[in-house]
$ cat target-v1.cif   # mmCIF, C-alpha atoms
data_data
loop_
_atom_site.label_atom_id
_atom_site.label_comp_id
_atom_site.auth_asym_id
_atom_site.auth_seq_id
_atom_site.Cartn_x
_atom_site.Cartn_y
_atom_site.Cartn_z
CA MET A 220 10.80 20.92 -49.77
CA ALA A 221 11.80 23.55 -47.26
CA GLY A 222 8.40 23.03 -45.68
CA GLN A 223 9.23 19.38 -45.14
CA GLN A 224 12.38 20.24 -43.26
CA ARG A 225 10.57 22.67 -41.04
CA VAL A 226 7.94 20.08 -40.16
CA TYR A 227 10.63 17.63 -39.06
CA ARG A 228 12.43 20.26 -37.01
CA GLN A 229 9.18 21.09 -35.26
CA LYS A 230 8.55 17.46 -34.44
CA ILE A 231 12.06 17.05 -33.05
CA LYS A 232 11.58 20.07 -30.85
CA ALA A 233 8.23 18.87 -29.55
CA THR A 234 9.55 15.40 -28.87
CA SER A 235 12.59 16.64 -27.03
CA SER A 236 10.51 18.76 -24.70
CA LEU A 237 8.33 15.69 -24.07
CA LYS A 238 11.46 13.72 -23.41
CA LYS A 239 12.49 16.23 -20.78
CA ILE A 240 9.14 15.81 -19.06
CA PHE A 241 9.40 12.02 -19.16
CA ARG A 242 12.89 12.14 -17.79
CA ALA A 243 11.87 14.47 -14.99
CA MET A 244 8.95 12.25 -14.05
CA GLU A 245 11.18 9.22 -14.07
CA LEU A 246 13.60 10.93 -11.72
CA ILE A 247 10.81 12.09 -9.42
CA ALA A 248 9.40 8.57 -9.24
CA ALA A 249 12.86 7.14 -8.66
CA SER A 250 13.55 9.54 -5.82
CA ARG A 251 10.21 8.86 -4.16
CA ILE A 252 10.28 5.13 -4.48
CA GLY A 253 13.04 4.68 -1.94
CA LYS A 254 10.91 6.39 0.66
CA ALA A 255 7.81 4.47 -0.32
CA ARG A 256 9.66 1.19 0.01
CA LEU A 257 11.02 2.24 3.36
CA ARG A 258 7.50 2.98 4.56
CA VAL A 259 6.37 -0.46 3.43
CA GLU A 260 9.23 -2.02 5.35
CA GLN A 261 8.60 0.05 8.45
CA ALA A 262 4.91 -0.75 8.51
CA THR A 263 5.46 -4.48 8.11
CA PRO A 264 6.43 -5.34 11.74
CA TYR A 265 3.25 -3.73 13.02
CA ALA A 266 1.07 -5.57 10.53
CA ARG A 267 2.84 -8.81 11.34
CA ALA A 268 2.44 -8.31 15.10
CA ILE A 269 -1.27 -7.64 14.73
CA THR A 270 -1.79 -10.60 12.42
CA ARG A 271 0.04 -12.87 14.82
CA SER A 272 -2.01 -11.68 17.76
CA ILE A 273 -5.27 -12.05 15.87
CA SER A 274 -4.45 -15.59 14.90
CA ALA A 275 -3.42 -16.27 18.49
CA VAL A 276 -6.80 -15.16 19.76
CA ALA A 277 -8.64 -17.05 17.09
CA ALA A 278 -6.60 -20.20 17.59
CA HIS A 279 -6.51 -20.27 21.39
CA SER A 280 -9.97 -19.26 22.32
CA SER A 281 -13.35 -20.36 21.21
CA VAL A 282 -14.94 -16.96 20.95
CA ASP A 283 -17.75 -16.52 18.53
CA HIS A 284 -17.06 -13.01 17.46
CA PRO A 285 -19.30 -11.47 14.80
CA LEU A 286 -16.24 -10.45 12.83
CA THR A 287 -14.81 -13.92 12.54
CA THR A 288 -18.01 -15.65 11.58
CA PRO A 289 -19.15 -15.34 7.99
CA ARG A 290 -22.47 -13.71 7.45
CA THR A 291 -24.70 -14.55 4.53
CA ASP A 292 -27.80 -12.51 5.15
CA THR A 293 -27.23 -9.55 2.85
CA GLY A 294 -25.97 -11.03 -0.40
CA ARG A 295 -23.69 -8.06 -0.93
CA ALA A 296 -19.96 -7.72 -1.10
CA ALA A 297 -17.91 -4.56 -0.75
CA VAL A 298 -14.95 -4.15 -3.07
CA LEU A 299 -12.32 -1.48 -2.52
CA VAL A 300 -10.20 -0.81 -5.57
CA ILE A 301 -6.92 0.97 -4.98
CA SER A 302 -5.49 2.63 -8.07
CA ALA A 303 -3.32 5.60 -8.92
CA ASP A 304 -4.36 9.23 -8.94
CA ARG A 305 -2.50 10.00 -12.11
CA GLY A 306 -1.73 8.10 -15.23
CA MET A 307 1.78 7.92 -16.66
CA ALA A 308 2.34 4.68 -14.81
CA GLY A 309 2.03 2.18 -17.61
CA ALA A 310 -0.52 -0.52 -17.05
CA TYR A 311 -0.59 -0.03 -13.28
CA SER A 312 -4.15 1.22 -12.89
CA ALA A 313 -5.42 -0.84 -15.80
CA ASN A 314 -4.13 -4.02 -14.18
CA VAL A 315 -5.82 -3.24 -10.89
CA ILE A 316 -9.09 -2.39 -12.58
CA ARG A 317 -8.95 -5.52 -14.70
CA GLU A 318 -8.42 -7.57 -11.56
CA ALA A 319 -11.35 -5.80 -9.94
CA GLU A 320 -13.57 -6.53 -12.91
CA ARG A 321 -12.62 -10.17 -12.75
CA LEU A 322 -13.52 -10.27 -9.08
CA ARG A 323 -16.75 -8.52 -9.87
CA GLY A 324 -17.62 -11.13 -12.46
CA ARG A 325 -16.86 -13.89 -10.01
CA LEU A 326 -18.92 -12.37 -7.24
CA GLN A 327 -21.81 -11.68 -9.53
CA ALA A 328 -21.70 -15.25 -10.75
CA ASP A 329 -22.15 -16.21 -7.11
CA GLY A 330 -25.20 -14.02 -7.01
CA LYS A 331 -23.67 -11.23 -4.96
CA GLU A 332 -24.39 -7.59 -5.36
CA ILE A 333 -21.32 -5.35 -5.44
CA VAL A 334 -20.87 -2.31 -3.27
CA GLN A 335 -18.05 -0.48 -4.92
CA PHE A 336 -15.46 1.64 -3.15
CA ALA A 337 -12.64 3.28 -5.04
CA ALA A 338 -9.40 4.94 -4.07
CA GLY A 339 -7.38 6.86 -6.59
CA ARG A 340 -8.68 9.11 -9.32
CA ARG A 341 -8.19 6.56 -12.09
CA ALA A 342 -10.51 4.04 -10.50
CA VAL A 343 -13.03 6.73 -9.59
CA SER A 344 -13.18 8.02 -13.14
CA TYR A 345 -13.36 4.50 -14.52
CA TYR A 346 -16.44 3.74 -12.47
CA SER A 347 -18.11 7.09 -12.82
CA PHE A 348 -17.67 6.92 -16.61
CA ARG A 349 -19.51 3.62 -16.54
CA ARG A 350 -22.14 5.15 -14.30
CA ARG A 351 -21.59 2.69 -11.54
CA GLU A 352 -22.45 3.96 -8.15
CA LEU A 353 -19.56 4.40 -5.75
CA ALA A 354 -20.27 3.88 -2.08
CA GLY A 355 -17.12 5.71 -1.16
CA GLN A 356 -14.17 7.29 -2.85
CA TRP A 357 -10.80 8.65 -1.81
CA THR A 358 -8.51 10.59 -4.08
CA GLY A 359 -5.48 12.77 -3.86
CA ALA A 360 -2.84 10.82 -2.02
CA SER A 361 -2.21 7.62 -3.91
CA ASP A 362 1.56 7.98 -3.98
CA ALA A 363 1.94 9.02 -0.34
CA PRO A 364 -0.91 7.56 1.70
CA ASP A 365 -1.34 8.69 5.27
CA ARG A 366 -2.89 6.92 8.20
CA GLU A 367 -5.86 9.25 8.28
CA THR A 368 -6.98 8.00 4.89
CA ALA A 369 -6.49 4.42 5.95
CA ARG A 370 -8.47 5.02 9.11
CA ASP A 371 -11.23 6.67 7.14
CA MET A 372 -11.41 3.75 4.72
CA ALA A 373 -11.37 1.25 7.55
CA ARG A 374 -14.19 3.06 9.25
CA ALA A 375 -16.31 3.23 6.11
CA LEU A 376 -15.81 -0.43 5.25
CA PHE A 377 -16.24 -1.53 8.81
CA ALA A 378 -19.51 0.36 9.15
CA ARG A 379 -20.78 -1.47 6.09
CA PHE A 380 -19.88 -4.79 7.56
CA GLN A 381 -21.63 -4.05 10.80
CA ALA A 382 -24.70 -2.52 9.22
CA SER A 383 -27.84 -4.58 9.00
CA ALA A 384 -29.03 -6.00 5.69
CA GLU A 385 -31.56 -3.16 5.18
CA ASP A 386 -28.95 -0.50 5.80
CA GLY A 387 -26.74 -1.76 3.04
CA GLY A 388 -24.63 -4.11 5.10
CA VAL A 389 -22.24 -6.43 3.33
CA ASP A 390 -21.20 -10.05 3.78
CA GLU A 391 -17.66 -9.73 2.62
CA ILE A 392 -15.07 -7.06 2.09
CA TYR A 393 -12.43 -7.32 -0.60
CA ILE A 394 -9.49 -5.11 -1.41
CA VAL A 395 -8.11 -5.07 -4.91
CA GLY A 396 -4.66 -3.60 -4.92
CA THR A 397 -1.14 -4.21 -6.01
CA ARG A 398 1.52 -6.02 -4.10
CA PHE A 399 5.01 -4.60 -4.35
CA VAL A 400 7.20 -7.64 -4.89
CA SER A 401 10.28 -5.92 -6.21
CA MET A 402 11.25 -2.99 -8.36
CA VAL A 403 10.41 -4.95 -11.49
CA THR A 404 7.51 -7.04 -10.27
CA GLN A 405 4.26 -5.68 -8.97
CA GLN A 406 1.28 -7.88 -8.82
CA ALA A 407 -2.36 -6.94 -8.89
CA MET A 408 -4.17 -9.03 -6.36
CA VAL A 409 -7.36 -9.51 -4.43
CA LEU A 410 -7.35 -9.66 -0.68
CA ARG A 411 -10.31 -10.68 1.41
CA LEU A 412 -10.44 -8.45 4.43
CA LEU A 413 -13.56 -9.69 6.14
CA PRO A 414 -14.65 -12.15 7.30
CA LEU A 415 -11.22 -13.01 8.56
CA GLU A 416 -9.35 -15.86 7.08
CA ILE A 417 -7.25 -16.90 9.98
CA VAL A 418 -4.04 -18.36 8.79
CA GLU A 419 -3.21 -20.46 11.77
CA GLY A 420 0.32 -20.51 13.00
CA VAL A 421 1.78 -18.08 10.51
CA GLU A 422 4.88 -17.75 12.58
CA GLU A 423 4.03 -19.94 15.50
CA THR A 424 4.78 -23.60 16.23
CA GLU A 425 8.44 -23.24 15.53
CA GLU A 426 9.82 -26.52 16.73
CA GLY A 427 6.67 -28.52 17.17
CA GLU A 428 6.13 -27.18 20.64
CA LEU A 429 2.80 -27.33 22.33
CA GLU A 430 0.58 -24.40 21.55
CA PRO A 431 0.78 -22.10 24.54
CA LEU A 432 -2.31 -21.41 26.56
CA TYR A 433 -2.94 -17.75 26.25
CA ASP A 434 -4.29 -15.58 28.95
CA PHE A 435 -6.45 -12.83 27.58
CA GLU A 436 -6.96 -9.65 29.48
CA PRO A 437 -9.62 -8.48 30.05
CA SER A 438 -11.37 -11.22 28.01
CA PRO A 439 -10.98 -12.81 24.59
CA GLU A 440 -14.04 -10.96 23.29
CA LEU A 441 -12.81 -7.58 24.42
CA VAL A 442 -9.33 -8.25 23.11
CA LEU A 443 -10.80 -9.12 19.73
CA ASP A 444 -12.98 -6.03 19.85
CA ALA A 445 -9.92 -3.89 20.39
CA LEU A 446 -7.75 -5.74 17.92
CA LEU A 447 -9.98 -6.15 14.92
CA PRO A 448 -10.54 -2.53 13.93
CA ARG A 449 -6.83 -1.98 14.29
CA TYR A 450 -6.13 -5.08 12.25
CA ILE A 451 -8.36 -3.89 9.45
CA GLU A 452 -6.84 -0.45 9.50
CA SER A 453 -3.37 -1.88 9.40
CA ARG A 454 -4.24 -4.19 6.51
CA ILE A 455 -5.67 -1.29 4.57
CA PHE A 456 -2.74 0.94 5.40
CA SER A 457 -0.21 -1.66 4.38
CA SER A 458 -2.15 -2.26 1.15
CA LEU A 459 -2.05 1.46 0.47
CA LEU A 460 1.68 1.57 1.09
CA HIS A 461 2.24 -1.39 -1.19
CA CYS A 462 0.14 0.28 -3.85
CA ALA A 463 2.04 3.54 -3.52
CA ALA A 464 5.39 1.80 -3.91
CA SER A 465 4.05 -0.19 -6.85
CA GLU A 466 2.64 2.90 -8.47
CA LEU A 467 5.95 4.69 -8.26
CA ALA A 468 7.85 1.68 -9.55
CA SER A 469 5.44 1.34 -12.47
CA ARG A 470 5.71 5.02 -13.19
CA GLN A 471 9.47 4.94 -13.14
CA ARG A 472 9.52 2.04 -15.54
CA ALA A 473 6.89 3.55 -17.84
CA MET A 474 8.69 6.88 -17.92
CA ASN A 475 12.00 5.19 -18.59
CA THR A 476 10.46 3.45 -21.59
CA ALA A 477 8.83 6.67 -22.71
CA THR A 478 12.16 8.49 -22.55
CA SER A 479 13.90 5.92 -24.70
CA ASN A 480 10.98 5.90 -27.13
CA ALA A 481 11.24 9.67 -27.37
CA GLU A 482 14.96 9.28 -28.09
CA ASP A 483 14.15 6.83 -30.89
CA ILE A 484 11.65 9.21 -32.40
CA ILE A 485 14.11 12.09 -32.21
CA ARG A 486 16.76 9.99 -33.91
CA ASN A 487 14.38 9.03 -36.72
CA TYR A 488 13.20 12.57 -37.26
CA THR A 489 16.76 13.88 -37.24
CA ARG A 490 17.60 11.45 -40.02
CA LEU A 491 14.54 12.44 -41.99
CA ALA A 492 15.32 16.12 -41.49
CA ASN A 493 18.90 15.62 -42.66
CA GLN A 494 17.62 13.74 -45.65
CA ALA A 495 15.21 16.54 -46.45
CA ARG A 496 17.96 19.13 -46.12
CA GLN A 497 20.24 17.10 -48.36
CA ALA A 498 17.48 16.67 -50.94
CA GLU A 499 16.86 20.39 -50.88
CA ILE A 500 20.53 21.20 -51.44
CA THR A 501 20.75 18.65 -54.22
CA GLN A 502 17.74 20.15 -55.86
CA GLU A 503 19.08 23.68 -55.59
CA ILE A 504 22.42 22.64 -57.09
CA SER A 505 20.79 20.80 -59.95
CA GLU A 506 18.55 23.82 -60.58
CA ILE A 507 21.58 26.14 -60.70
CA VAL A 508 23.58 23.75 -62.84
CA SER A 509 20.76 23.16 -65.26
CA GLY A 510 20.03 26.88 -65.35
CA ALA A 511 23.70 27.61 -66.17
CA ASP A 512 23.64 24.84 -68.79
CA ALA A 513 20.56 26.29 -70.35
CA LEU A 514 22.15 29.76 -70.47
CA ALA A 515 25.41 28.40 -71.91
CA ALA A 516 23.52 26.47 -74.55
CA SER A 517 21.50 29.43 -75.76
CA MET B 205 15.87 -16.16 35.59
CA ALA B 206 16.57 -17.72 32.27
CA GLY B 207 17.55 -15.70 29.24
CA PRO B 208 16.45 -12.15 28.65
CA LEU B 209 13.22 -11.13 26.99
CA THR B 210 13.11 -10.30 23.34
CA VAL B 211 11.20 -7.07 23.09
CA ASP B 212 9.71 -5.37 20.06
CA VAL B 213 7.83 -2.14 20.42
CA VAL B 214 6.13 -1.31 17.15
CA ALA B 215 4.06 1.66 16.03
CA PRO B 216 1.95 1.59 12.87
CA ASP B 217 4.58 3.24 10.75
CA ARG B 218 7.83 2.10 12.31
CA VAL B 219 9.60 0.05 14.93
CA LEU B 220 10.10 2.12 18.06
CA TRP B 221 12.35 -0.20 19.97
CA SER B 222 13.75 -3.62 19.43
CA GLY B 223 16.18 -5.62 21.47
CA THR B 224 16.55 -7.64 24.64
CA ALA B 225 15.53 -6.57 28.10
CA GLU B 226 15.02 -7.99 31.55
CA ARG B 227 11.65 -6.59 32.37
CA LEU B 228 8.79 -4.83 30.69
CA VAL B 229 6.04 -2.90 32.43
CA ALA B 230 2.93 -1.95 30.52
CA PRO B 231 -0.33 -0.28 31.56
CA THR B 232 -3.15 -2.68 30.71
CA VAL B 233 -6.81 -1.90 31.05
CA GLU B 234 -6.82 -3.96 34.24
CA GLY B 235 -3.76 -2.38 35.80
CA GLU B 236 -0.04 -2.41 35.27
CA ILE B 237 1.45 -5.66 34.12
CA GLY B 238 5.07 -6.53 34.70
CA LEU B 239 6.53 -9.13 32.39
CA LEU B 240 9.58 -11.16 33.27
CA THR B 241 11.09 -14.21 31.66
CA GLY B 242 8.88 -17.27 31.93
CA HIS B 243 5.62 -15.41 32.20
CA GLU B 244 2.62 -17.30 30.90
CA PRO B 245 1.49 -16.35 27.40
CA VAL B 246 -0.71 -13.33 27.63
CA LEU B 247 -2.45 -10.98 25.26
CA SER B 248 -3.67 -7.83 26.84
CA VAL B 249 -5.20 -4.56 25.77
CA LEU B 250 -3.37 -1.45 26.90
CA ARG B 251 -4.70 1.89 28.01
CA ALA B 252 -3.02 5.27 27.81
CA GLY B 253 0.12 5.41 29.88
CA THR B 254 3.77 4.56 29.64
CA VAL B 255 5.44 1.37 28.51
CA ARG B 256 8.72 0.88 30.33
CA VAL B 257 11.51 -1.39 29.23
CA ARG B 258 14.12 -2.11 31.89
CA GLY B 259 17.55 -3.65 31.80
CA GLY B 260 18.02 -3.49 28.08
CA ALA B 261 21.37 -3.89 26.42
CA ASP B 262 21.45 -0.14 26.05
CA VAL B 263 19.63 2.33 28.23
CA ASP B 264 16.20 1.79 29.65
CA ALA B 265 13.44 3.01 27.43
CA GLU B 266 10.03 4.52 28.04
CA PHE B 267 7.26 5.12 25.57
CA PRO B 268 4.18 7.18 26.27
CA ILE B 269 1.28 5.53 24.48
CA ALA B 270 -2.33 6.34 23.73
CA SER B 271 -3.49 2.76 23.32
CA GLY B 272 -2.27 -0.57 22.07
CA PHE B 273 -1.81 -4.12 23.20
CA VAL B 274 0.92 -6.39 24.42
CA SER B 275 1.46 -10.01 23.58
CA PHE B 276 3.81 -12.32 25.41
CA ASP B 277 4.75 -15.70 24.03
CA ARG B 278 7.81 -17.80 24.87
CA ASP B 279 9.80 -14.85 26.20
CA VAL B 280 9.03 -12.81 23.13
CA VAL B 281 7.18 -9.63 23.94
CA THR B 282 5.51 -7.65 21.22
CA VAL B 283 4.06 -4.32 22.20
CA VAL B 284 1.90 -2.76 19.55
CA VAL B 285 1.32 0.84 20.40
CA GLU B 286 -0.54 3.83 19.17
CA PRO B 287 1.91 6.60 20.09
CA VAL B 288 0.59 9.78 21.64
CA ALA B 289 0.63 13.09 19.78
CA PRO B 290 0.32 11.76 16.24
CA SER B 291 0.67 15.31 14.93
CA GLU B 292 4.17 15.42 16.32
CA GLU B 293 5.04 12.05 14.82
CA LYS B 294 3.63 13.07 11.48
CA ALA B 295 5.90 16.01 10.89
CA PRO B 296 9.10 14.12 9.98
CA ALA B 297 7.17 11.59 7.90
CA ALA B 298 5.59 14.28 5.78
CA SER B 299 8.86 15.93 4.81
#

$ encode --input "target-v1.cif" --output "structure tokens"
Amino acid sequence: MAGQQRVYRQKIKATSSLKKIFRAMELIAASRIGKARLRVEQATPYARAITRSISAVAAHSSVDHPLTTPRTDTGRAAVLVISADRGMAGAYSANVIREAERLRGRLQADGKEIVQFAAGRRAVSYYSFRRRELAGQWTGASDAPDRETARDMARALFARFQASAEDGGVDEIYIVGTRFVSMVTQQAMVLRLLPLEIVEGVEETEEGELEPLYDFEPSPELVLDALLPRYIESRIFSSLLHCAASELASRQRAMNTATSNAEDIIRNYTRLANQARQAEITQEISEIVSGADALAAS
Amino acid sequence: MAGPLTVDVVAPDRVLWSGTAERLVAPTVEGEIGLLTGHEPVLSVLRAGTVRVRGGADVDAEFPIASGFVSFDRDVVTVVVEPVAPSEEKAPAAS
């Protein structure tokens, strides 16, 4: 009986130290998320400006740039999966990976071969466990991405797109990441990076005005040449920032749930421990009483 | 001279300057371009140099840049820049 009590006490102790860890991680995530959201907001004007300019070039000139025309010669598609470096973020990484697998199924149904890129340790370990070859991997900064990483990714993906079919070139580039909608909603989603899907007039044609005739300096081709790598980098960077904010939000939520679960467990074990203590006392009393009775009777 | 220009100067990780101004001078690959109200729509690649905003509501502003591009459309100027010395810019962001 005494053993029982000790077991419960041990469990309470273990759970409360876990609870402290969960709480600390929740607070860390909560303190970082404000900054991550700010970074998303600060990066948005740049991404918007680039997108607007790109669609301006595409809409107002008839350039046949290799990056805007779909290619079909290689039958390969590159997929970059952006996940977290660490777990403890609920279903965050699992959702992204599930989305990536769905995309993979779809592409394979179309007869495409997948060239897999992965960012974040969770995705890397997922693919390496399944012995799938990774064409590129980035780990270590999923909750605070920097521009260097984004540039590196952009360069790697871009090189693939420009490579010839024999050198492992790809037709399409996809990013699977998470969009930070709000603190409670984060959505895993697929984004096609290349070839460009020009969304014409995202913010243009306000009051049905005539489309302005743009003057491109030095020339539409050169402007596109200068813009596109930057556009890709900015798309990747903004995806990374969205993913970082989403990761932190997921982690905060997961850790909040974990803390309250730990509290529940502690409460249950405390009750059980009290019960065990009470049972022990009752038993001791009845032993004493029955012992005294037996003595008195003899 | 109609209304003032609406100017946004944006870097990859933040907005450097935003507001109204009278004139904007930017170093394009083909030479300096001065933008006033009513300029024709233009999209131009920039080289290293200084972007100057004049006659703003507050003080005039200057931004040294490494590269970038400027787009002008209906008196709205958007300057997308790659600021110089990224190591210097990085320091506050990393803290």

$ residues_around --input "target-v1.cif" --residues "Thr489 in chain A" --least-positions-apart "6" --cutoff "12 Å" --atoms "all atoms listed in the file" --output "PDB file with C-alpha atoms, in the frame of the given file"
ATOM      1  CA  GLN A 224      12.380  20.240 -43.260  1.00  0.00           C
ATOM      2  CA  ARG A 225      10.570  22.670 -41.040  1.00  0.00           C
ATOM      3  CA  VAL A 226       7.940  20.080 -40.160  1.00  0.00           C
ATOM      4  CA  TYR A 227      10.630  17.630 -39.060  1.00  0.00           C
ATOM      5  CA  ARG A 228      12.430  20.260 -37.010  1.00  0.00           C
ATOM      6  CA  GLN A 229       9.180  21.090 -35.260  1.00  0.00           C
ATOM      7  CA  LYS A 230       8.550  17.460 -34.440  1.00  0.00           C
ATOM      8  CA  ILE A 231      12.060  17.050 -33.050  1.00  0.00           C
ATOM      9  CA  LYS A 232      11.580  20.070 -30.850  1.00  0.00           C
ATOM     10  CA  THR A 234       9.550  15.400 -28.870  1.00  0.00           C
ATOM     11  CA  SER A 235      12.590  16.640 -27.030  1.00  0.00           C
ATOM     12  CA  GLU A 482      14.960   9.280 -28.090  1.00  0.00           C
ATOM     13  CA  ASP A 483      14.150   6.830 -30.890  1.00  0.00           C
ATOM     14  CA  ALA A 495      15.210  16.540 -46.450  1.00  0.00           C
ATOM     15  CA  ARG A 496      17.960  19.130 -46.120  1.00  0.00           C
TER      16      ARG A 496
END

$ closest_residue --input "target-v1.cif" --among "B:Leu239, B:Val219, B:Val255, B:Ala265" --to "chain A" --atoms "all atoms listed in the file"
B:Val219

$ closest_residue --input "target-v1.cif" --among "B:Leu240, B:Ala225, B:Val214, B:Val249" --to "Gly272 in chain B" --atoms "all atoms listed in the file"
B:Val249

$ atom_distance --input "target-v1.cif" --atom1 "CA of Gln471 in chain A" --atom2 "CA of Asp217 in chain B"
24.4 Å

$ closest_atom_pairs --input "target-v1.cif" --of "chain A" --to "chain B" --cutoff "10 Å" --atoms "only C-alpha atoms" --output "Markdown table"
| residue | atom | partner | partner_atom | distance |
| --- | --- | --- | --- | --- |
| A:Lys254 | CA | B:Ala297 | CA | 9.7 |
| A:Leu257 | CA | B:Arg218 | CA | 9.5 |
| A:Arg258 | CA | B:Asp217 | CA | 6.8 |
| A:Val259 | CA | B:Asp217 | CA | 8.4 |
| A:Glu260 | CA | B:Arg218 | CA | 8.2 |
| A:Gln261 | CA | B:Arg218 | CA | 4.4 |
| A:Ala262 | CA | B:Asp217 | CA | 4.6 |
| A:Thr263 | CA | B:Arg218 | CA | 8.2 |
| A:Pro264 | CA | B:Val214 | CA | 6.8 |
| A:Tyr265 | CA | B:Pro216 | CA | 5.5 |
| A:Ala266 | CA | B:Pro216 | CA | 7.6 |
| A:Ala268 | CA | B:Thr282 | CA | 6.9 |
| A:Ile269 | CA | B:Val284 | CA | 7.6 |
| A:Arg271 | CA | B:Ser275 | CA | 9.3 |
| A:Ser272 | CA | B:Ser275 | CA | 7.0 |
| A:Ile273 | CA | B:Leu247 | CA | 9.9 |
| A:Ala275 | CA | B:Leu247 | CA | 8.6 |
| A:Val276 | CA | B:Leu247 | CA | 8.2 |
| A:Ala363 | CA | B:Ala298 | CA | 8.9 |
| A:Asp365 | CA | B:Ala298 | CA | 8.9 |
| A:Arg366 | CA | B:Pro216 | CA | 8.6 |
| A:Glu423 | CA | B:Asp277 | CA | 9.6 |
| A:Glu430 | CA | B:Asp277 | CA | 10.0 |
| A:Pro431 | CA | B:Pro245 | CA | 6.5 |
| A:Leu432 | CA | B:Pro245 | CA | 6.4 |
| A:Tyr433 | CA | B:Pro245 | CA | 4.8 |
| A:Asp434 | CA | B:Val246 | CA | 4.4 |
| A:Phe435 | CA | B:Leu247 | CA | 5.0 |
| A:Glu436 | CA | B:Ser248 | CA | 4.6 |
| A:Pro437 | CA | B:Glu234 | CA | 6.8 |
| A:Ser438 | CA | B:Ser248 | CA | 8.5 |
| A:Pro439 | CA | B:Leu247 | CA | 8.7 |
| A:Leu441 | CA | B:Val249 | CA | 8.3 |
| A:Val442 | CA | B:Val249 | CA | 6.1 |
| A:Leu443 | CA | B:Val249 | CA | 9.4 |
| A:Asp444 | CA | B:Val249 | CA | 9.9 |
| A:Ala445 | CA | B:Val249 | CA | 7.2 |
| A:Leu446 | CA | B:Phe273 | CA | 8.1 |
| A:Arg449 | CA | B:Gly272 | CA | 9.1 |
| A:Glu452 | CA | B:Pro216 | CA | 9.6 |
| A:Ser453 | CA | B:Pro216 | CA | 7.2 |
| A:Phe456 | CA | B:Pro216 | CA | 8.8 |
| A:Ser457 | CA | B:Pro216 | CA | 9.3 |

$ atom_distance --input "target-v1.cif" --atom1 "CA of Ser479 in chain A" --atom2 "CA of Val315 in chain A"
25.8 Å

$ atom_distance --input "target-v1.cif" --atom1 "CA of Leu326 in chain A" --atom2 "CA of Val409 in chain A"
12.2 Å

$ residues_near_point --input "target-v1.cif" --point "(-13.2, -2.0, 1.1)" --cutoff "6 Å" --atoms "only C-alpha atoms" --output "PyMOL selection string"
chain A and resi 297-299+376+392-394

$ residues_near_point --input "target-v1.cif" --point "(14.0, 8.1, -13.5)" --cutoff "12 Å" --atoms "all atoms listed in the file" --output "mmCIF file with C-alpha atoms, in the frame of the given file"
data_model
loop_
_atom_site.group_PDB
_atom_site.id
_atom_site.type_symbol
_atom_site.label_atom_id
_atom_site.label_comp_id
_atom_site.auth_asym_id
_atom_site.auth_seq_id
_atom_site.Cartn_x
_atom_site.Cartn_y
_atom_site.Cartn_z
ATOM 1 C CA LYS A 238 11.460 13.720 -23.410
ATOM 2 C CA LYS A 239 12.490 16.230 -20.780
ATOM 3 C CA ILE A 240 9.140 15.810 -19.060
ATOM 4 C CA PHE A 241 9.400 12.020 -19.160
ATOM 5 C CA ARG A 242 12.890 12.140 -17.790
ATOM 6 C CA ALA A 243 11.870 14.470 -14.990
ATOM 7 C CA MET A 244 8.950 12.250 -14.050
ATOM 8 C CA GLU A 245 11.180 9.220 -14.070
ATOM 9 C CA LEU A 246 13.600 10.930 -11.720
ATOM 10 C CA ILE A 247 10.810 12.090 -9.420
ATOM 11 C CA ALA A 248 9.400 8.570 -9.240
ATOM 12 C CA ALA A 249 12.860 7.140 -8.660
ATOM 13 C CA SER A 250 13.550 9.540 -5.820
ATOM 14 C CA ARG A 251 10.210 8.860 -4.160
ATOM 15 C CA ILE A 252 10.280 5.130 -4.480
ATOM 16 C CA LEU A 467 5.950 4.690 -8.260
ATOM 17 C CA ALA A 468 7.850 1.680 -9.550
ATOM 18 C CA SER A 469 5.440 1.340 -12.470
ATOM 19 C CA ARG A 470 5.710 5.020 -13.190
ATOM 20 C CA GLN A 471 9.470 4.940 -13.140
ATOM 21 C CA ARG A 472 9.520 2.040 -15.540
ATOM 22 C CA ALA A 473 6.890 3.550 -17.840
ATOM 23 C CA MET A 474 8.690 6.880 -17.920
ATOM 24 C CA ASN A 475 12.000 5.190 -18.590
ATOM 25 C CA THR A 476 10.460 3.450 -21.590
ATOM 26 C CA ALA A 477 8.830 6.670 -22.710
ATOM 27 C CA THR A 478 12.160 8.490 -22.550
ATOM 28 C CA SER A 479 13.900 5.920 -24.700
#

$ resolve_selection --input "target-v1.cif" --expression "the PyMOL selection byres ((chain B and resi 258) around 7)" --output "list of chain:residue names"
B:Ala225, B:Glu226, B:Arg227, B:Leu228, B:Arg256, B:Val257, B:Gly259, B:Gly260, B:Asp264, B:Ala265
